[in-house]
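So this one's target_16.csv, CSV, C-alpha atoms:
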chain,number,residue,atom,x,y,z
F,265,SER,CA,-8.6,12.1,2.6
F,266,ALA,CA,-10.6,9.6,0.5
F,267,VAL,CA,-12.8,7.0,2.2
F,268,ILE,CA,-12.6,3.6,0.4
F,269,SER,CA,-14.8,0.6,0.9
F,270,GLN,CA,-14.3,-2.9,-0.5
F,271,LYS,CA,-16.7,-5.8,-0.9
F,272,PRO,CA,-16.4,-8.5,0.1
F,273,SER,CA,-14.1,-8.1,3.1
F,274,ARG,CA,-13.1,-11.7,2.9
F,275,ASP,CA,-14.0,-14.9,1.0
F,276,ILE,CA,-13.1,-18.5,0.8
F,277,CYS,CA,-13.3,-19.9,-2.8
F,278,GLN,CA,-12.8,-23.1,-4.5
F,279,ARG,CA,-10.0,-23.5,-7.1
F,280,GLY,CA,-11.2,-22.9,-10.7
F,281,THR,CA,-13.9,-20.4,-9.7
F,282,SER,CA,-13.8,-16.6,-10.1
F,283,LEU,CA,-14.4,-13.8,-7.6
F,284,THR,CA,-15.2,-10.1,-8.3
F,285,ILE,CA,-14.1,-7.5,-5.8
F,286,GLN,CA,-15.7,-4.1,-5.6
F,287,CYS,CA,-14.1,-0.9,-4.7
F,288,GLN,CA,-16.2,2.2,-3.9
F,289,VAL,CA,-14.7,5.7,-3.1
F,290,ASP,CA,-16.6,8.5,-1.4
F,291,SER,CA,-15.4,11.1,-3.8
F,292,GLN,CA,-14.4,11.3,-7.5
F,293,VAL,CA,-10.8,10.4,-8.0
F,294,THR,CA,-8.7,10.4,-11.1
F,295,MET,CA,-6.4,7.5,-10.3
F,296,MET,CA,-7.4,4.1,-8.9
F,297,PHE,CA,-5.2,1.1,-8.6
F,298,TRP,CA,-5.3,-2.5,-7.5
F,299,TYR,CA,-2.6,-4.0,-5.3
F,300,ARG,CA,-1.9,-7.5,-4.1
F,301,GLN,CA,-0.4,-8.5,-0.7
F,302,GLN,CA,0.6,-12.1,-0.5
F,303,PRO,CA,0.7,-13.7,2.9
F,304,GLY,CA,3.4,-12.2,5.1
F,305,GLN,CA,4.6,-10.1,2.1
F,306,SER,CA,4.6,-6.4,1.0
F,307,LEU,CA,2.3,-4.9,-1.5
F,308,THR,CA,2.6,-5.3,-5.3
F,309,LEU,CA,0.8,-3.2,-7.9
F,310,ILE,CA,-1.4,-5.3,-10.2
F,311,ALA,CA,-2.8,-2.6,-12.5
F,312,THR,CA,-4.0,0.9,-12.9
F,313,ALA,CA,-7.8,1.1,-13.4
F,314,ASN,CA,-8.5,3.5,-16.2
F,315,GLN,CA,-12.0,5.0,-16.6
F,316,GLY,CA,-13.5,4.2,-19.9
F,317,SER,CA,-10.6,2.2,-21.2
F,318,GLU,CA,-8.6,-1.0,-20.6
F,319,ALA,CA,-6.6,-1.2,-17.4
F,320,THR,CA,-2.8,-0.9,-17.5
F,321,TYR,CA,-1.2,-4.0,-16.1
F,322,GLU,CA,2.2,-4.4,-14.5
F,323,SER,CA,4.7,-7.0,-15.5
F,324,GLY,CA,3.5,-10.4,-14.4
F,325,PHE,CA,-0.2,-9.6,-14.4
F,326,VAL,CA,-2.5,-10.1,-17.3
F,327,ILE,CA,-6.1,-9.1,-18.2
F,328,ASP,CA,-7.3,-12.6,-18.7
F,329,LYS,CA,-6.4,-13.5,-15.1
F,330,PHE,CA,-7.3,-10.1,-13.5
F,331,PRO,CA,-10.0,-8.3,-15.5
F,332,ILE,CA,-10.7,-4.8,-14.2
F,333,SER,CA,-13.6,-2.5,-14.8
F,334,ARG,CA,-13.9,1.2,-14.0
F,335,PRO,CA,-17.2,2.6,-15.2
F,336,ASN,CA,-16.9,5.9,-13.4
F,337,LEU,CA,-14.6,8.0,-11.1
F,338,THR,CA,-15.8,6.4,-7.9
F,339,PHE,CA,-16.0,2.7,-8.6
F,340,SER,CA,-13.9,-0.2,-9.8
F,341,THR,CA,-14.0,-3.9,-9.8
F,342,LEU,CA,-11.2,-6.5,-9.9
F,343,THR,CA,-12.0,-10.1,-10.9
F,344,VAL,CA,-9.6,-12.9,-9.9
F,345,SER,CA,-10.3,-15.6,-12.5
F,346,ASN,CA,-9.8,-19.3,-12.5
F,347,MET,CA,-8.4,-19.2,-9.0
F,348,SER,CA,-5.7,-21.4,-7.6
F,349,PRO,CA,-4.3,-21.6,-4.1
F,350,GLU,CA,-1.5,-19.3,-5.2
F,351,ASP,CA,-4.1,-16.5,-5.6
F,352,SER,CA,-4.7,-16.5,-1.8
F,353,SER,CA,-3.8,-13.0,-0.9
F,354,ILE,CA,-5.2,-9.7,0.3
F,355,TYR,CA,-6.4,-7.5,-2.6
F,356,LEU,CA,-6.4,-3.8,-2.0
F,357,CYS,CA,-7.9,-0.9,-3.9
F,358,SER,CA,-5.9,2.4,-3.8
F,359,VAL,CA,-6.5,5.9,-4.9
F,360,VAL,CA,-4.6,9.1,-5.2
F,361,GLY,CA,-6.3,11.9,-3.4
F,362,THR,CA,-7.5,15.1,-5.0
F,363,GLY,CA,-6.0,18.4,-4.5
F,364,ASP,CA,-2.3,19.3,-4.4
F,365,SER,CA,-1.1,16.7,-1.9
F,366,TYR,CA,-1.3,13.6,-4.1
F,367,GLU,CA,-1.5,11.5,-1.0
F,368,GLN,CA,-2.3,7.9,-1.7
F,369,TYR,CA,-4.8,5.9,0.3
F,370,PHE,CA,-5.8,2.2,0.5
F,371,GLY,CA,-9.0,0.4,1.1
F,372,PRO,CA,-9.4,-2.1,3.9
F,373,GLY,CA,-8.6,-5.0,1.6
F,374,THR,CA,-10.3,-8.2,0.5
F,375,ARG,CA,-8.8,-11.3,2.1
F,376,LEU,CA,-9.1,-14.2,-0.4
F,377,THR,CA,-8.4,-17.8,0.5
F,378,VAL,CA,-8.5,-20.4,-2.3
F,379,THR,CA,-8.9,-24.0,-1.4
O,147,GLY,CA,13.4,-2.7,-11.4
O,148,GLN,CA,13.3,-0.5,-8.4
O,149,GLN,CA,13.8,-2.1,-5.0
O,150,LEU,CA,13.5,-0.7,-1.5
O,151,ASN,CA,15.4,-2.1,1.4
O,152,GLN,CA,13.7,-1.5,4.7
O,153,SER,CA,15.3,-2.1,8.0
O,154,PRO,CA,15.0,-3.5,10.5
O,155,GLN,CA,12.7,-6.3,9.6
O,156,SER,CA,11.4,-6.5,13.2
O,157,MET,CA,11.8,-4.6,16.5
O,158,PHE,CA,10.9,-5.6,20.0
O,159,ILE,CA,10.9,-2.6,22.4
O,160,GLN,CA,9.6,-1.5,25.8
O,161,GLU,CA,6.8,1.0,26.0
O,162,GLY,CA,8.2,4.5,26.2
O,163,GLU,CA,11.3,3.8,24.0
O,164,ASP,CA,11.9,5.6,20.8
O,165,VAL,CA,11.9,3.7,17.5
O,166,SER,CA,13.8,4.3,14.2
O,167,MET,CA,13.4,2.6,10.9
O,168,ASN,CA,14.7,3.4,7.4
O,169,CYS,CA,14.4,2.7,3.8
O,170,THR,CA,17.0,2.9,1.0
O,171,SER,CA,16.5,2.7,-2.7
O,172,SER,CA,18.6,1.8,-5.7
O,173,SER,CA,17.0,4.7,-7.6
O,174,ILE,CA,15.5,8.1,-7.0
O,175,PHE,CA,11.9,8.7,-5.8
O,176,ASN,CA,10.0,12.0,-6.0
O,177,THR,CA,7.7,11.0,-3.0
O,178,TRP,CA,8.2,8.9,0.1
O,179,LEU,CA,5.2,7.6,2.0
O,180,TRP,CA,5.1,5.8,5.3
O,181,TYR,CA,2.2,3.5,6.2
O,182,LYS,CA,1.1,1.4,9.2
O,183,GLN,CA,-0.9,-1.8,8.7
O,184,ASP,CA,-2.8,-3.5,11.5
O,185,PRO,CA,-3.8,-7.2,11.2
O,186,GLY,CA,-6.7,-7.6,8.8
O,187,GLU,CA,-6.6,-4.0,7.7
O,188,GLY,CA,-5.4,-2.0,4.8
O,189,PRO,CA,-2.3,0.3,5.2
O,190,VAL,CA,-3.0,3.6,6.7
O,191,LEU,CA,-1.0,6.6,5.6
O,192,LEU,CA,1.1,8.2,8.4
O,193,ILE,CA,3.3,10.7,6.7
O,194,ALA,CA,3.9,11.9,3.1
O,195,LEU,CA,7.2,13.5,2.0
O,196,TYR,CA,7.5,15.4,-1.3
O,197,LYS,CA,10.8,17.3,-1.2
O,198,ALA,CA,14.4,16.2,-0.7
O,199,GLY,CA,15.5,17.1,2.8
O,200,GLU,CA,11.9,17.6,4.0
O,201,LEU,CA,11.4,16.8,7.7
O,202,THR,CA,7.7,16.2,8.7
O,203,SER,CA,6.1,15.4,12.0
O,204,ASN,CA,2.7,13.9,12.8
O,205,GLY,CA,2.3,13.7,16.6
O,206,ARG,CA,5.0,11.4,17.9
O,207,LEU,CA,6.0,10.4,14.4
O,208,THR,CA,8.8,12.2,12.4
O,209,ALA,CA,9.9,11.3,9.0
O,210,GLN,CA,12.6,12.7,6.6
O,211,PHE,CA,13.1,12.6,2.9
O,212,GLY,CA,16.8,12.0,2.3
O,213,ILE,CA,18.8,14.6,0.4
O,214,THR,CA,19.9,12.1,-2.2
O,215,ARG,CA,16.2,11.2,-2.8
O,216,LYS,CA,17.1,7.5,-2.3
O,217,ASP,CA,16.3,7.1,1.3
O,218,SER,CA,13.9,8.0,4.1
O,219,PHE,CA,13.6,7.3,7.8
O,220,LEU,CA,10.7,7.2,10.3
O,221,ASN,CA,11.1,7.8,14.0
O,222,ILE,CA,8.5,7.1,16.6
O,223,SER,CA,9.0,8.7,20.0
O,224,ALA,CA,7.8,7.4,23.4
O,225,SER,CA,6.2,4.3,21.9
O,226,ILE,CA,2.9,3.0,23.3
O,227,PRO,CA,1.2,-0.4,22.9
O,228,SER,CA,-1.1,0.8,20.1
O,229,ASP,CA,2.0,1.5,18.0
O,230,VAL,CA,2.2,-2.3,17.4
O,231,GLY,CA,1.8,-3.2,13.7
O,232,ILE,CA,3.7,-3.4,10.5
O,233,TYR,CA,5.2,-0.2,9.1
O,234,PHE,CA,5.9,0.1,5.4
O,235,CYS,CA,7.8,2.7,3.5
O,236,ALA,CA,6.8,3.3,-0.1
O,237,GLY,CA,8.4,5.3,-2.9
O,238,ARG,CA,6.8,6.9,-5.9
O,239,ALA,CA,8.7,8.0,-9.0
O,240,GLY,CA,6.1,10.5,-10.2
O,241,GLY,CA,5.3,11.6,-13.7
O,242,THR,CA,3.7,8.7,-15.6
O,243,SER,CA,4.5,6.5,-12.7
O,244,TYR,CA,2.0,8.2,-10.5
O,245,GLY,CA,0.2,5.8,-8.2
O,246,LYS,CA,2.9,3.1,-8.8
O,247,LEU,CA,4.2,2.7,-5.3
O,248,THR,CA,7.2,0.6,-4.6
O,249,PHE,CA,7.0,-0.8,-1.1
O,250,GLY,CA,9.7,-1.9,1.4
O,251,GLN,CA,9.5,-5.3,3.0
O,252,GLY,CA,8.0,-3.8,6.2
O,253,THR,CA,9.1,-3.5,9.8
O,254,ILE,CA,7.2,-5.5,12.4
O,255,LEU,CA,7.0,-3.5,15.6
O,256,THR,CA,6.2,-5.1,18.9
O,257,VAL,CA,5.8,-2.9,22.0
O,258,HIS,CA,6.0,-4.6,25.4
O,259,PRO,CA,4.0,-2.8,28.1

What would the structure in this file look like if it were written as structure tokens?
Amino acid sequence: SAVISQKPSRDICQRGTSLTIQCQVDSQVTMMFWYRQQPGQSLTLIATANQGSEATYESGFVIDKFPISRPNLTFSTLTVSNMSPEDSSIYLCSVVGTGDSYEQYFGPGTRLTVT
Amino acid sequence: GQQLNQSPQSMFIQEGEDVSMNCTSSSIFNTWLWYKQDPGEGPVLLIALYKAGELTSNGRLTAQFGITRKDSFLNISASIPSDVGIYFCAGRAGGTSYGKLTFGQGTILTVHP
């Protein structure tokens, strides 16, 4: 299984500011993703982080609001831009494991509160 | 879009009891995954199912991939207090949708000692 770490683990931010979340994986993985979990809700896919090219966003999510970088096969960042209280959520990095199993793992999440 | 209906939404049980939860989908999935999420943590993978009809166990946990590929269930036998948490099912369509998990709404499990 892949070991995923995220920074920061939590933050409290003021509206109008931006926060960049880092995701580090202990092994090279082909597929990395960013999910959002709103308070008391299930998980929703934001985008697929593609190495060396622009991320692929799901319906309802746009690059200007959630810019993503993926410079290599072990690291990605998600920025939450121009934050509002509605952005208060847990943001989770996810990877598909290597090998034949294609199991999918999640990081510990970044708990964001926007005031 | 695809939707998953997970039930029950919550369960309150006594330690030692067995638990069963299930998910149904409006469309076919190639993979079913079951996760457990503790407060303040990310989801932890419990069981992954890849073939219709597959029955897989992980300790006291057993999960099955429905024959129609539109449903899955998770059973927990002889529950213990540390089983408390939120359990999510997730379906994956495969192909170009790899990594795009559709999640159920979650089952909140409370175990009374």

* **Distance query region 254-259 of chain O at most 6 Å, only C-alpha atoms, self and fewer than 3 positions along chain excluded, as JSON, numbers by chain** => {"O": [156, 157, 158, 159, 160, 161, 227, 230, 231, 232]}

* **Ser282 (chain F) surroundings by all atoms listed in the file, 9 Å radius, close-in-sequence under 5 positions cut, as a VMD selection string** => chain F and resid 277 343 to 347

* **Residues within 12 Å of Ala266 (chain F), all atoms listed in the file, excluding chain neighbours under 2 positions, as a ChimeraX atom specification** => /F:268-269,288-296,338,357-363,366-371 /O:190-191

* Structure fact -> One decimal place gives the CA of Pro331 (chain F)-CA of Ala239 (chain O) separation as 25.6 Å

* Do me a favour and pick out the residues of chain O within 7 Å of chain F, using all atoms listed in the file, as a VMD selection string. => chain O and resid 187 to 191 194 245 to 246 249 to 252

Can you tell me, as JSON, the centre and edge lengths (Å, one decimal) of the axis-aligned box enclosing all of region 329-333 of chain F's listed atoms after padding each side by 6 Å?
{"center_x": -10.0, "center_y": -8.0, "center_z": -14.5, "size_x": 19.2, "size_y": 23.0, "size_z": 14.0}

* Asked: What's the 9 Å shell around Arg334 (chain F), counting only C-alpha atoms, without same-chain residues fewer than 3 positions away, as a PyMOL selection string?
  -> chain F and resi 296+313-319+337-341

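Relative to CA of Gln149 (chain O), CA of Ser171 (chain O) is found at 6.0 Å.
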
* Structure fact -> CA of Lys216 (chain O) sits from CA of Thr253 (chain O) at a separation of 18.2 Å

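Once Phe211 (chain O) and its same-chain neighbours fewer than 4 positions away are set aside, Ala198, Gly199, Glu200 and Ser218 of chain O remain within 6 Å of it when counting only C-alpha atoms.
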
* Which protein, DNA or RNA residues are at most 10 Å from (13.1, 6.5, 12.2) in the file's coordinates when you count all atoms listed in the file, listed as a PyMOL selection string? -> chain O and resi 153+164-169+207-210+218-223

Would you save the residues from that selection as a PDB file, in the coordinates of the input, using C-alpha atoms?
ATOM      1  CA  SER O 153      15.300  -2.100   8.000  1.00  0.00           C
ATOM      2  CA  ASP O 164      11.900   5.600  20.800  1.00  0.00           C
ATOM      3  CA  VAL O 165      11.900   3.700  17.500  1.00  0.00           C
ATOM      4  CA  SER O 166      13.800   4.300  14.200  1.00  0.00           C
ATOM      5  CA  MET O 167      13.400   2.600  10.900  1.00  0.00           C
ATOM      6  CA  ASN O 168      14.700   3.400   7.400  1.00  0.00           C
ATOM      7  CA  CYS O 169      14.400   2.700   3.800  1.00  0.00           C
ATOM      8  CA  LEU O 207       6.000  10.400  14.400  1.00  0.00           C
ATOM      9  CA  THR O 208       8.800  12.200  12.400  1.00  0.00           C
ATOM     10  CA  ALA O 209       9.900  11.300   9.000  1.00  0.00           C
ATOM     11  CA  GLN O 210      12.600  12.700   6.600  1.00  0.00           C
ATOM     12  CA  SER O 218      13.900   8.000   4.100  1.00  0.00           C
ATOM     13  CA  PHE O 219      13.600   7.300   7.800  1.00  0.00           C
ATOM     14  CA  LEU O 220      10.700   7.200  10.300  1.00  0.00           C
ATOM     15  CA  ASN O 221      11.100   7.800  14.000  1.00  0.00           C
ATOM     16  CA  ILE O 222       8.500   7.100  16.600  1.00  0.00           C
ATOM     17  CA  SER O 223       9.000   8.700  20.000  1.00  0.00           C
TER      18      SER O 223
END

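Considering only C-alpha atoms, the residue among O:Gln152, O:Asn204, O:Thr170, O:Asn176 positioned nearest to Asp217 (chain O) is O:Thr170.
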